[in-house]
file model.cif (mmCIF, C-alpha atoms)
data_data
#
loop_
_atom_site.label_atom_id
_atom_site.label_comp_id
_atom_site.auth_asym_id
_atom_site.auth_seq_id
_atom_site.Cartn_x
_atom_site.Cartn_y
_atom_site.Cartn_z
CA MET A 1039 133.41 247.74 39.70
CA PRO A 1040 134.63 251.06 41.16
CA ALA A 1041 134.62 254.03 38.80
CA GLY A 1042 137.87 254.88 37.06
CA THR A 1043 139.33 251.39 36.73
CA LEU A 1044 138.22 250.98 33.12
CA TYR A 1045 139.31 253.19 30.25
CA ARG A 1046 136.48 252.57 27.83
CA GLY A 1047 136.07 248.80 27.92
CA ARG A 1048 134.45 246.82 25.16
CA GLU A 1049 136.14 245.50 22.00
CA GLY A 1050 138.54 248.38 21.46
CA MET A 1051 140.17 248.34 24.88
CA TRP A 1052 140.21 244.60 25.46
CA SER A 1053 141.77 243.85 22.06
CA TRP A 1054 144.43 246.46 22.92
CA VAL A 1055 145.07 244.73 26.28
CA ALA A 1056 145.27 241.30 24.63
CA HIS A 1057 147.59 242.63 21.90
CA ARG A 1058 149.92 244.08 24.54
CA VAL A 1059 149.94 240.98 26.78
CA THR A 1060 150.54 238.57 23.87
CA GLY A 1061 153.24 240.87 22.49
CA VAL A 1062 155.20 240.92 25.75
CA LEU A 1063 154.89 237.12 26.14
CA ILE A 1064 156.09 236.53 22.56
CA PHE A 1065 159.05 238.89 23.07
CA PHE A 1066 160.27 237.00 26.15
CA PHE A 1067 159.90 233.68 24.33
CA LEU A 1068 161.80 235.03 21.32
CA PHE A 1069 164.68 236.04 23.58
CA ALA A 1070 164.87 232.52 25.08
CA HIS A 1071 164.43 230.91 21.65
CA VAL A 1072 167.42 232.72 20.08
CA LEU A 1073 169.54 231.63 23.07
CA ASP A 1074 168.49 227.96 22.82
CA THR A 1075 169.05 227.94 19.05
CA ALA A 1076 172.54 229.40 19.63
CA LEU A 1077 173.47 226.02 21.15
CA VAL A 1078 173.89 224.68 17.58
CA ARG A 1079 177.25 226.50 17.73
CA VAL A 1080 178.24 224.55 20.87
CA SER A 1081 177.58 220.95 19.83
CA PRO A 1082 174.84 218.77 18.31
CA GLU A 1083 174.43 217.11 21.74
CA ALA A 1084 173.94 220.43 23.54
CA TYR A 1085 171.31 221.49 20.99
CA ASP A 1086 169.48 218.17 21.00
CA SER A 1087 169.37 218.15 24.81
CA VAL A 1088 167.70 221.57 24.97
CA ILE A 1089 165.31 220.53 22.18
CA ALA A 1090 164.36 217.52 24.33
CA THR A 1091 162.79 220.07 26.71
CA TYR A 1092 160.52 221.22 23.87
CA LYS A 1093 159.23 217.64 23.61
CA VAL A 1094 158.10 217.33 27.26
CA TRP A 1095 154.27 217.24 27.30
CA LEU A 1096 153.88 220.36 29.45
CA VAL A 1097 156.24 222.35 27.24
CA ASN A 1098 154.47 220.97 24.15
CA LEU A 1099 151.22 222.32 25.63
CA MET A 1100 152.92 225.69 26.18
CA GLU A 1101 153.88 225.62 22.47
CA TYR A 1102 150.17 225.41 21.70
CA GLY A 1103 149.74 228.45 23.95
CA LEU A 1104 152.56 230.19 22.07
CA VAL A 1105 150.80 229.48 18.76
CA ALA A 1106 147.60 230.90 20.31
CA ALA A 1107 149.39 234.10 21.37
CA ILE A 1108 151.19 234.56 18.04
CA LEU A 1109 148.06 233.86 15.98
CA PHE A 1110 146.02 236.41 17.93
CA HIS A 1111 148.81 239.00 17.77
CA ALA A 1112 149.23 238.43 14.01
CA LEU A 1113 145.50 238.58 13.15
CA ASN A 1114 144.78 241.52 15.44
CA GLY A 1115 147.90 243.25 14.12
CA LEU A 1116 146.43 243.05 10.61
CA ARG A 1117 143.22 244.55 12.07
CA VAL A 1118 145.26 247.43 13.55
CA VAL A 1119 146.82 248.02 10.12
CA ALA A 1120 143.32 248.07 8.60
CA VAL A 1121 142.06 250.51 11.26
CA ASP A 1122 145.04 252.82 10.57
CA PHE A 1123 145.22 252.65 6.77
CA TRP A 1124 141.73 251.72 5.52
CA ALA A 1125 139.30 254.65 5.38
CA LYS A 1126 136.46 252.55 6.78
CA GLY A 1127 138.71 250.74 9.28
CA PRO A 1128 137.67 252.65 12.43
CA LYS A 1129 134.00 252.22 11.51
CA TYR A 1130 134.30 248.45 11.22
CA GLN A 1131 136.84 247.83 14.02
CA LYS A 1132 134.36 245.84 16.13
CA GLN A 1133 133.27 243.62 13.26
CA MET A 1134 136.94 243.11 12.36
CA LEU A 1135 137.73 242.07 15.94
CA TRP A 1136 135.01 239.42 15.94
CA THR A 1137 136.26 238.26 12.52
CA VAL A 1138 139.75 237.97 14.05
CA VAL A 1139 138.34 235.96 16.97
CA GLY A 1140 136.41 233.69 14.57
CA ILE A 1141 139.45 232.99 12.36
CA TRP A 1142 141.56 232.48 15.50
CA VAL A 1143 139.14 229.87 16.90
CA VAL A 1144 139.07 227.96 13.57
CA LEU A 1145 142.87 228.03 13.16
CA MET A 1146 143.44 227.01 16.81
CA GLY A 1147 141.11 224.06 16.24
CA GLY A 1148 143.08 223.15 13.14
CA ALA A 1149 146.44 223.52 14.93
CA PHE A 1150 145.44 221.31 17.88
CA TYR A 1151 146.58 217.98 16.48
CA PRO A 1152 149.55 219.19 14.39
CA VAL A 1153 151.13 221.03 17.35
CA LEU A 1154 150.29 218.48 20.05
CA GLN A 1155 150.84 215.34 17.94
CA HIS A 1156 154.16 214.61 19.65
CA THR A 1157 152.48 214.36 23.08
CA LEU A 1158 149.34 212.68 21.75
CA ARG A 1159 151.34 209.98 19.94
CA THR A 1160 153.51 209.44 23.02
CA TRP A 1161 150.45 208.97 25.22
CA PHE A 1162 148.10 207.10 22.90
CA GLY A 1163 150.50 205.48 20.44
CA GLY A 1164 150.04 205.56 16.65
CA MET B 99 127.20 295.72 54.35
CA SER B 100 126.09 292.15 53.90
CA ILE B 101 126.73 290.10 50.78
CA GLU B 102 123.57 289.39 48.95
CA THR B 103 122.81 285.82 47.92
CA LYS B 104 122.50 286.64 44.22
CA ASP B 105 126.22 287.66 44.09
CA LEU B 106 127.28 284.11 45.05
CA VAL B 107 125.38 282.36 42.30
CA VAL B 108 127.93 280.89 39.88
CA PRO B 109 127.47 279.07 36.57
CA SER B 110 127.05 275.33 37.06
CA LEU B 111 130.19 274.67 35.03
CA GLN B 112 132.22 276.61 37.56
CA ALA B 113 130.50 275.58 40.71
CA HIS B 114 132.46 272.38 41.41
CA THR B 115 135.95 273.58 40.62
CA GLY B 116 136.81 275.01 44.00
CA GLN B 117 138.93 277.51 42.14
CA GLY B 118 136.97 280.55 43.23
CA LEU B 119 134.57 282.43 41.07
CA GLY B 120 136.98 283.22 38.22
CA THR B 121 136.03 285.80 35.65
CA GLY B 122 132.53 284.53 35.27
CA ASN B 123 133.21 283.55 31.66
CA PRO B 124 131.68 280.05 31.25
CA ALA B 125 134.22 279.25 28.51
CA GLU B 126 136.95 279.33 31.16
CA ALA B 127 135.79 275.93 32.39
CA PHE B 128 137.03 274.42 29.13
CA VAL B 129 140.53 275.88 29.21
CA VAL B 130 142.98 273.05 29.80
CA GLU B 131 146.62 273.57 30.67
CA PRO B 132 148.94 272.06 28.00
CA ALA B 133 150.05 268.58 29.10
CA ARG B 134 153.68 269.39 28.43
CA ALA B 135 154.37 273.06 28.80
CA ARG B 136 157.54 274.25 27.08
CA THR B 137 160.50 274.92 29.35
CA LYS B 138 163.98 276.28 28.79
CA LYS B 139 165.15 272.72 28.15
CA THR B 140 162.53 271.97 25.50
CA PRO B 141 164.14 271.87 22.05
CA ARG B 142 162.66 274.25 19.51
CA ARG B 143 161.72 271.31 17.38
CA THR B 144 162.60 267.63 17.28
CA ARG B 145 165.37 266.76 14.87
CA THR B 146 163.72 263.70 13.34
CA ASN B 147 160.40 261.96 12.83
CA PHE B 148 161.57 259.05 14.98
CA GLU B 149 158.21 258.26 16.59
CA MET B 150 156.37 258.40 13.28
CA LEU B 151 158.98 256.15 11.65
CA ALA B 152 158.72 253.72 14.60
CA TRP B 153 154.93 253.67 14.20
CA LEU B 154 155.28 252.97 10.47
CA PHE B 155 157.95 250.31 11.07
CA MET B 156 155.62 248.43 13.46
CA ARG B 157 152.99 248.13 10.73
CA LEU B 158 155.32 247.27 7.84
CA SER B 159 157.43 244.77 9.82
CA GLY B 160 154.24 243.33 11.34
CA VAL B 161 152.78 242.45 7.95
CA VAL B 162 156.06 240.80 6.84
CA LEU B 163 156.36 238.96 10.18
CA VAL B 164 152.87 237.47 9.77
CA VAL B 165 154.22 235.56 6.74
CA LEU B 166 157.68 234.78 8.16
CA VAL B 167 156.56 233.67 11.65
CA LEU B 168 153.44 231.73 10.64
CA GLY B 169 155.53 229.95 7.97
CA HIS B 170 158.16 229.19 10.62
CA LEU B 171 155.52 227.77 13.01
CA LEU B 172 153.94 225.69 10.25
CA ILE B 173 157.23 224.11 9.16
CA ASN B 174 158.85 223.62 12.56
CA LEU B 175 155.93 222.98 14.89
CA MET B 176 153.19 221.43 12.75
CA LEU B 177 154.18 219.73 9.49
CA ASP B 178 156.07 216.43 9.26
CA GLY B 179 155.62 215.19 12.85
CA GLY B 180 155.50 218.54 14.61
CA VAL B 181 158.18 219.13 17.24
CA SER B 182 159.22 215.42 17.13
CA LYS B 183 161.50 215.94 14.13
CA ILE B 184 163.46 218.91 15.49
CA SER B 185 167.14 218.07 15.98
CA PHE B 186 170.61 219.31 15.07
CA ALA B 187 170.35 217.36 11.80
CA PHE B 188 167.04 219.06 10.95
CA VAL B 189 168.57 222.53 11.51
CA ALA B 190 171.62 221.56 9.43
CA GLY B 191 169.31 220.49 6.60
CA ARG B 192 167.36 223.79 6.70
CA TRP B 193 170.42 226.05 6.85
CA ALA B 194 172.08 224.22 3.95
CA SER B 195 169.79 226.43 1.86
CA PRO B 196 170.60 230.16 1.56
CA PHE B 197 166.84 230.78 1.16
CA TRP B 198 166.04 229.50 4.66
CA GLN B 199 169.13 231.21 6.08
CA MET B 200 167.85 234.53 4.72
CA TRP B 201 164.31 233.73 5.93
CA ASP B 202 165.58 233.15 9.47
CA LEU B 203 167.93 236.16 9.38
CA LEU B 204 165.17 238.53 8.26
CA MET B 205 162.76 237.02 10.79
CA LEU B 206 165.33 237.45 13.59
CA TRP B 207 166.01 241.10 12.79
CA LEU B 208 162.41 242.14 12.18
CA ALA B 209 161.02 240.23 15.19
CA MET B 210 163.66 241.58 17.58
CA LEU B 211 163.25 245.18 16.42
CA HIS B 212 159.45 244.89 16.37
CA GLY B 213 159.39 243.30 19.84
CA SER B 214 161.96 245.68 21.23
CA ASN B 215 160.05 248.74 20.02
CA GLY B 216 156.86 247.29 21.49
CA MET B 217 158.59 246.80 24.85
CA ARG B 218 159.85 250.40 24.64
CA THR B 219 156.24 251.54 24.33
CA VAL B 220 155.21 249.41 27.30
CA ILE B 221 158.09 250.77 29.44
CA ASN B 222 157.20 254.35 28.47
CA ASP B 223 153.59 253.69 29.50
CA TYR B 224 154.13 252.09 32.90
CA ALA B 225 157.52 253.21 34.29
CA GLU B 226 156.74 256.61 35.75
CA LYS B 227 160.11 257.57 37.23
CA ASP B 228 162.65 259.00 34.79
CA ALA B 229 165.46 256.87 36.26
CA THR B 230 163.40 253.65 36.07
CA ARG B 231 162.50 254.31 32.44
CA LEU B 232 166.11 255.03 31.57
CA TRP B 233 167.41 251.84 33.22
CA LEU B 234 164.72 249.59 31.75
CA LYS B 235 165.24 250.97 28.25
CA GLY B 236 169.00 250.67 28.65
CA LEU B 237 168.62 247.03 29.67
CA LEU B 238 166.22 246.44 26.78
CA GLY B 239 168.70 247.98 24.32
CA VAL B 240 171.60 245.85 25.57
CA ALA B 241 169.49 242.65 25.49
CA THR B 242 168.25 243.46 21.97
CA VAL B 243 171.69 244.19 20.51
CA PHE B 244 173.12 241.09 22.21
CA THR B 245 170.37 238.81 20.88
CA VAL B 246 170.43 240.19 17.33
CA VAL B 247 174.24 239.96 17.10
CA LEU B 248 174.31 236.46 18.63
CA GLY B 249 171.56 235.17 16.34
CA THR B 250 173.18 236.69 13.25
CA LEU B 251 176.55 235.15 14.10
CA VAL B 252 174.90 231.76 14.69
CA ILE B 253 173.22 231.81 11.26
CA PHE B 254 176.36 232.93 9.39
CA THR B 255 178.93 230.79 11.23
CA PHE B 256 176.83 227.60 11.47
CA ASP B 257 178.99 224.52 10.87
CA PRO B 258 177.09 221.26 10.14
CA ASN B 259 180.28 219.26 10.81
CA ILE B 260 180.99 220.73 14.25
#
call {"tool": "encode", "arguments": {"input": "model.cif", "output": "structure tokens"}}
result
Amino acid sequence: MPAGTLYRGREGMWSWVAHRVTGVLIFFFLFAHVLDTALVRVSPEAYDSVIATYKVWLVNLMEYGLVAAILFHALNGLRVVAVDFWAKGPKYQKQMLWTVVGIWVVLMGGAFYPVLQHTLRTWFGG
Amino acid sequence: MSIETKDLVVPSLQAHTGQGLGTGNPAEAFVVEPARARTKKTPRRTRTNFEMLAWLFMRLSGVVLVVLVLGHLLINLMLDGGVSKISFAFVAGRWASPFWQMWDLLMLWLAMLHGSNGMRTVINDYAEKDATRLWLKGLLGVATVFTVVLGTLVIFTFDPNI
């Protein structure tokens, strides 16, 4: 890699990059989500038809991705708060990042069926 | 008269600068120009602590949003059939309760302001031209106000018998 393309690398920079990317993605989804929810003021049919989009398998999979982005942003955000307000936060920022990643992996495993159950039941019955 | 070689020897800190030989004081190599020198247009002091308050708001709203948003995801996207159950009737049932109305209202306001302030930071970081920054932040402000007002009206004027 050519010199000068990395700031400092490692846990600190990459968690900052991931926090920023997930934040921007969540913001754009939020904008769309308020607009689709606003259809409840148009008619029940209009709202139910846009909600049908949320039940398409590909969109359902994207919802799992949304949960992944929000969970990382939430857990890492708590780490940022700890770094800023806890005296030993900066010292343990790396350990806290790997704790965040560990909790994230466990929760994403736990969220797999609950989030994707609509698609899974459509495909495999039950 | 010829210049003797020993007169051209410079400290190693200075040697690479290409700025001439300077005063010969090695400490000069560490003098850095201020990133933002004061000009005639620079205010004597800022009127408010806006950036500090924005920084604090991100942390306080973030902690509250962890509870509000993860609760929202759990109820709407995971429990009781996941996304299968979402419909107009489901929304009508939730918003029959002032508790969930307030939950969603607070979540809307905090999430939009938190997200909007985050986007402001991103724009400030990457849009280098003054005009580009101004336009992007203007657009962001309009979109934010529009979304917050629309969402608030939807929550308060919801009619289950529409």
call {"tool": "closest_residue", "arguments": {"input": "model.cif", "among": "B:Val164, B:Val181, B:Leu172, B:Thr219", "to": "Val1062 of chain A", "atoms": "only C-alpha atoms"}}
result
B:Thr219
call {"tool": "closest_residue", "arguments": {"input": "model.cif", "among": "B:Phe186, B:Arg231, B:Gly239, B:Val246", "to": "Ser1081 of chain A", "atoms": "all atoms listed in the file"}}
result
B:Phe186
call {"tool": "atom_distance", "arguments": {"input": "model.cif", "atom1": "atom CA of Arg157 of chain B", "atom2": "atom CA of Val1119 of chain A"}}
result
6.2 Å
call {"tool": "atom_distance", "arguments": {"input": "model.cif", "atom1": "atom CA of Val1059 of chain A", "atom2": "atom CA of Gly1148 of chain A"}}
result
23.5 Å
call {"tool": "resolve_selection", "arguments": {"input": "model.cif", "expression": "the PyMOL selection byres ((chain A) within 10 of (chain B))", "output": "PyMOL selection string"}}
result
chain A and resi 1058-1059+1061-1066+1068-1073+1075-1090+1092-1093+1098+1101-1102+1104-1105+1108-1109+1111-1113+1115-1116+1118-1120+1122-1123+1149-1157+1159
call {"tool": "atom_distance", "arguments": {"input": "model.cif", "atom1": "atom CA of Val162 of chain B", "atom2": "atom CA of His1057 of chain A"}}
result
17.4 Å
call {"tool": "resolve_selection", "arguments": {"input": "model.cif", "expression": "the PyMOL selection byres ((chain B and resi 234) around 12)", "output": "list in words"}}
result
Ser214, Met217, Arg218, Thr219, Val220, Ile221, Asn222, Tyr224, Ala225, Glu226, Lys227, Asp228, Ala229, Thr230, Arg231, Leu232, Trp233, Lys235, Gly236, Leu237, Leu238, Gly239, Val240 and Ala241 of chain B
call {"tool": "residues_around", "arguments": {"input": "model.cif", "residues": "Gly1140 of chain A", "least_positions_apart": "4", "cutoff": "12 Å", "atoms": "all atoms listed in the file", "output": "number ranges by chain"}}
result
A: 1109-1110, 1113-1114, 1133-1136, 1144-1147
call {"tool": "closest_residue", "arguments": {"input": "model.cif", "among": "B:Phe254, B:Asn215, B:Leu204, B:Gly191", "to": "Trp153 of chain B", "atoms": "all atoms listed in the file"}}
result
B:Asn215
call {"tool": "decode", "arguments": {"input": "model.cif", "residues": "segment 1077-1112 of chain A", "atoms": "N, CA and C atoms", "output": "mmCIF file, in the first residue's frame"}}
result
data_model
loop_
_atom_site.group_PDB
_atom_site.id
_atom_site.type_symbol
_atom_site.label_atom_id
_atom_site.label_comp_id
_atom_site.auth_asym_id
_atom_site.auth_seq_id
_atom_site.Cartn_x
_atom_site.Cartn_y
_atom_site.Cartn_z
ATOM 1 N N LEU A 1077 -47.457 7.101 4.996
ATOM 2 C CA LEU A 1077 -48.578 6.614 4.178
ATOM 3 C C LEU A 1077 -49.775 6.152 5.028
ATOM 4 N N VAL A 1078 -49.591 5.994 6.343
ATOM 5 C CA VAL A 1078 -50.756 5.670 7.188
ATOM 6 C C VAL A 1078 -51.766 6.823 7.178
ATOM 7 N N ARG A 1079 -51.316 8.030 6.784
ATOM 8 C CA ARG A 1079 -52.218 9.169 6.701
ATOM 9 C C ARG A 1079 -52.914 9.234 5.350
ATOM 10 N N VAL A 1080 -52.507 8.373 4.401
ATOM 11 C CA VAL A 1080 -53.135 8.356 3.078
ATOM 12 C C VAL A 1080 -54.293 7.354 3.090
ATOM 13 N N SER A 1081 -53.961 6.076 3.304
ATOM 14 C CA SER A 1081 -55.012 5.063 3.429
ATOM 15 C C SER A 1081 -54.383 3.766 3.923
ATOM 16 N N PRO A 1082 -55.181 2.896 4.569
ATOM 17 C CA PRO A 1082 -54.640 1.603 5.005
ATOM 18 C C PRO A 1082 -54.068 0.815 3.827
ATOM 19 N N GLU A 1083 -54.709 0.916 2.646
ATOM 20 C CA GLU A 1083 -54.239 0.177 1.473
ATOM 21 C C GLU A 1083 -52.860 0.667 1.022
ATOM 22 N N ALA A 1084 -52.700 2.007 1.007
ATOM 23 C CA ALA A 1084 -51.405 2.571 0.587
ATOM 24 C C ALA A 1084 -50.301 2.106 1.528
ATOM 25 N N TYR A 1085 -50.592 2.122 2.855
ATOM 26 C CA TYR A 1085 -49.582 1.707 3.821
ATOM 27 C C TYR A 1085 -49.272 0.220 3.675
ATOM 28 N N ASP A 1086 -50.323 -0.603 3.597
ATOM 29 C CA ASP A 1086 -50.088 -2.044 3.493
ATOM 30 C C ASP A 1086 -49.344 -2.411 2.217
ATOM 31 N N SER A 1087 -49.542 -1.637 1.137
ATOM 32 C CA SER A 1087 -48.850 -1.980 -0.113
ATOM 33 C C SER A 1087 -47.355 -1.660 -0.006
ATOM 34 N N VAL A 1088 -47.009 -0.576 0.707
ATOM 35 C CA VAL A 1088 -45.571 -0.284 0.840
ATOM 36 C C VAL A 1088 -44.933 -1.269 1.831
ATOM 37 N N ILE A 1089 -45.727 -1.704 2.825
ATOM 38 C CA ILE A 1089 -45.200 -2.677 3.794
ATOM 39 C C ILE A 1089 -44.975 -4.046 3.118
ATOM 40 N N ALA A 1090 -45.753 -4.300 2.046
ATOM 41 C CA ALA A 1090 -45.547 -5.557 1.310
ATOM 42 C C ALA A 1090 -44.124 -5.622 0.760
ATOM 43 N N THR A 1091 -43.563 -4.450 0.419
ATOM 44 C CA THR A 1091 -42.176 -4.409 -0.060
ATOM 45 C C THR A 1091 -41.212 -4.913 1.017
ATOM 46 N N TYR A 1092 -41.507 -4.568 2.283
ATOM 47 C CA TYR A 1092 -40.647 -4.996 3.387
ATOM 48 C C TYR A 1092 -40.659 -6.519 3.545
ATOM 49 N N LYS A 1093 -41.662 -7.174 2.961
ATOM 50 C CA LYS A 1093 -41.800 -8.624 3.144
ATOM 51 C C LYS A 1093 -41.217 -9.422 1.978
ATOM 52 N N VAL A 1094 -40.713 -8.734 0.942
ATOM 53 C CA VAL A 1094 -40.008 -9.413 -0.147
ATOM 54 C C VAL A 1094 -38.698 -9.961 0.414
ATOM 55 N N TRP A 1095 -38.288 -11.185 -0.007
ATOM 56 C CA TRP A 1095 -37.128 -11.830 0.640
ATOM 57 C C TRP A 1095 -35.862 -10.982 0.612
ATOM 58 N N LEU A 1096 -35.620 -10.301 -0.540
ATOM 59 C CA LEU A 1096 -34.390 -9.518 -0.652
ATOM 60 C C LEU A 1096 -34.404 -8.334 0.318
ATOM 61 N N VAL A 1097 -35.591 -7.715 0.445
ATOM 62 C CA VAL A 1097 -35.717 -6.586 1.366
ATOM 63 C C VAL A 1097 -35.621 -7.087 2.807
ATOM 64 N N ASN A 1098 -36.202 -8.266 3.069
ATOM 65 C CA ASN A 1098 -36.106 -8.885 4.395
ATOM 66 C C ASN A 1098 -34.641 -9.119 4.763
ATOM 67 N N LEU A 1099 -33.842 -9.548 3.766
ATOM 68 C CA LEU A 1099 -32.410 -9.749 3.985
ATOM 69 C C LEU A 1099 -31.728 -8.409 4.281
ATOM 70 N N MET A 1100 -32.161 -7.350 3.572
ATOM 71 C CA MET A 1100 -31.607 -6.017 3.821
ATOM 72 C C MET A 1100 -31.963 -5.531 5.228
ATOM 73 N N GLU A 1101 -33.137 -5.971 5.745
ATOM 74 C CA GLU A 1101 -33.507 -5.629 7.124
ATOM 75 C C GLU A 1101 -32.518 -6.249 8.106
ATOM 76 N N TYR A 1102 -32.066 -7.468 7.788
ATOM 77 C CA TYR A 1102 -31.043 -8.097 8.630
ATOM 78 C C TYR A 1102 -29.756 -7.264 8.570
ATOM 79 N N GLY A 1103 -29.440 -6.766 7.392
ATOM 80 C CA GLY A 1103 -28.289 -5.873 7.237
ATOM 81 C C GLY A 1103 -28.470 -4.582 8.018
ATOM 82 N N LEU A 1104 -29.705 -4.058 8.016
ATOM 83 C CA LEU A 1104 -30.010 -2.840 8.780
ATOM 84 C C LEU A 1104 -29.802 -3.081 10.277
ATOM 85 N N VAL A 1105 -30.285 -4.247 10.750
ATOM 86 C CA VAL A 1105 -30.087 -4.603 12.162
ATOM 87 C C VAL A 1105 -28.589 -4.694 12.456
ATOM 88 N N ALA A 1106 -27.818 -5.276 11.520
ATOM 89 C CA ALA A 1106 -26.366 -5.384 11.702
ATOM 90 C C ALA A 1106 -25.739 -3.999 11.843
ATOM 91 N N ALA A 1107 -26.128 -3.072 10.959
ATOM 92 C CA ALA A 1107 -25.568 -1.714 10.988
ATOM 93 C C ALA A 1107 -25.944 -0.993 12.276
ATOM 94 N N ILE A 1108 -27.224 -1.086 12.660
ATOM 95 C CA ILE A 1108 -27.695 -0.384 13.859
ATOM 96 C C ILE A 1108 -27.042 -0.960 15.121
ATOM 97 N N LEU A 1109 -26.949 -2.306 15.180
ATOM 98 C CA LEU A 1109 -26.338 -2.929 16.357
ATOM 99 C C LEU A 1109 -24.879 -2.518 16.516
ATOM 100 N N PHE A 1110 -24.136 -2.503 15.397
ATOM 101 C CA PHE A 1110 -22.731 -2.085 15.505
ATOM 102 C C PHE A 1110 -22.652 -0.631 15.941
ATOM 103 N N HIS A 1111 -23.459 0.229 15.301
ATOM 104 C CA HIS A 1111 -23.417 1.662 15.605
ATOM 105 C C HIS A 1111 -23.782 1.912 17.074
ATOM 106 N N ALA A 1112 -24.778 1.161 17.574
ATOM 107 C CA ALA A 1112 -25.212 1.320 18.967
ATOM 108 C C ALA A 1112 -24.115 0.872 19.937
#
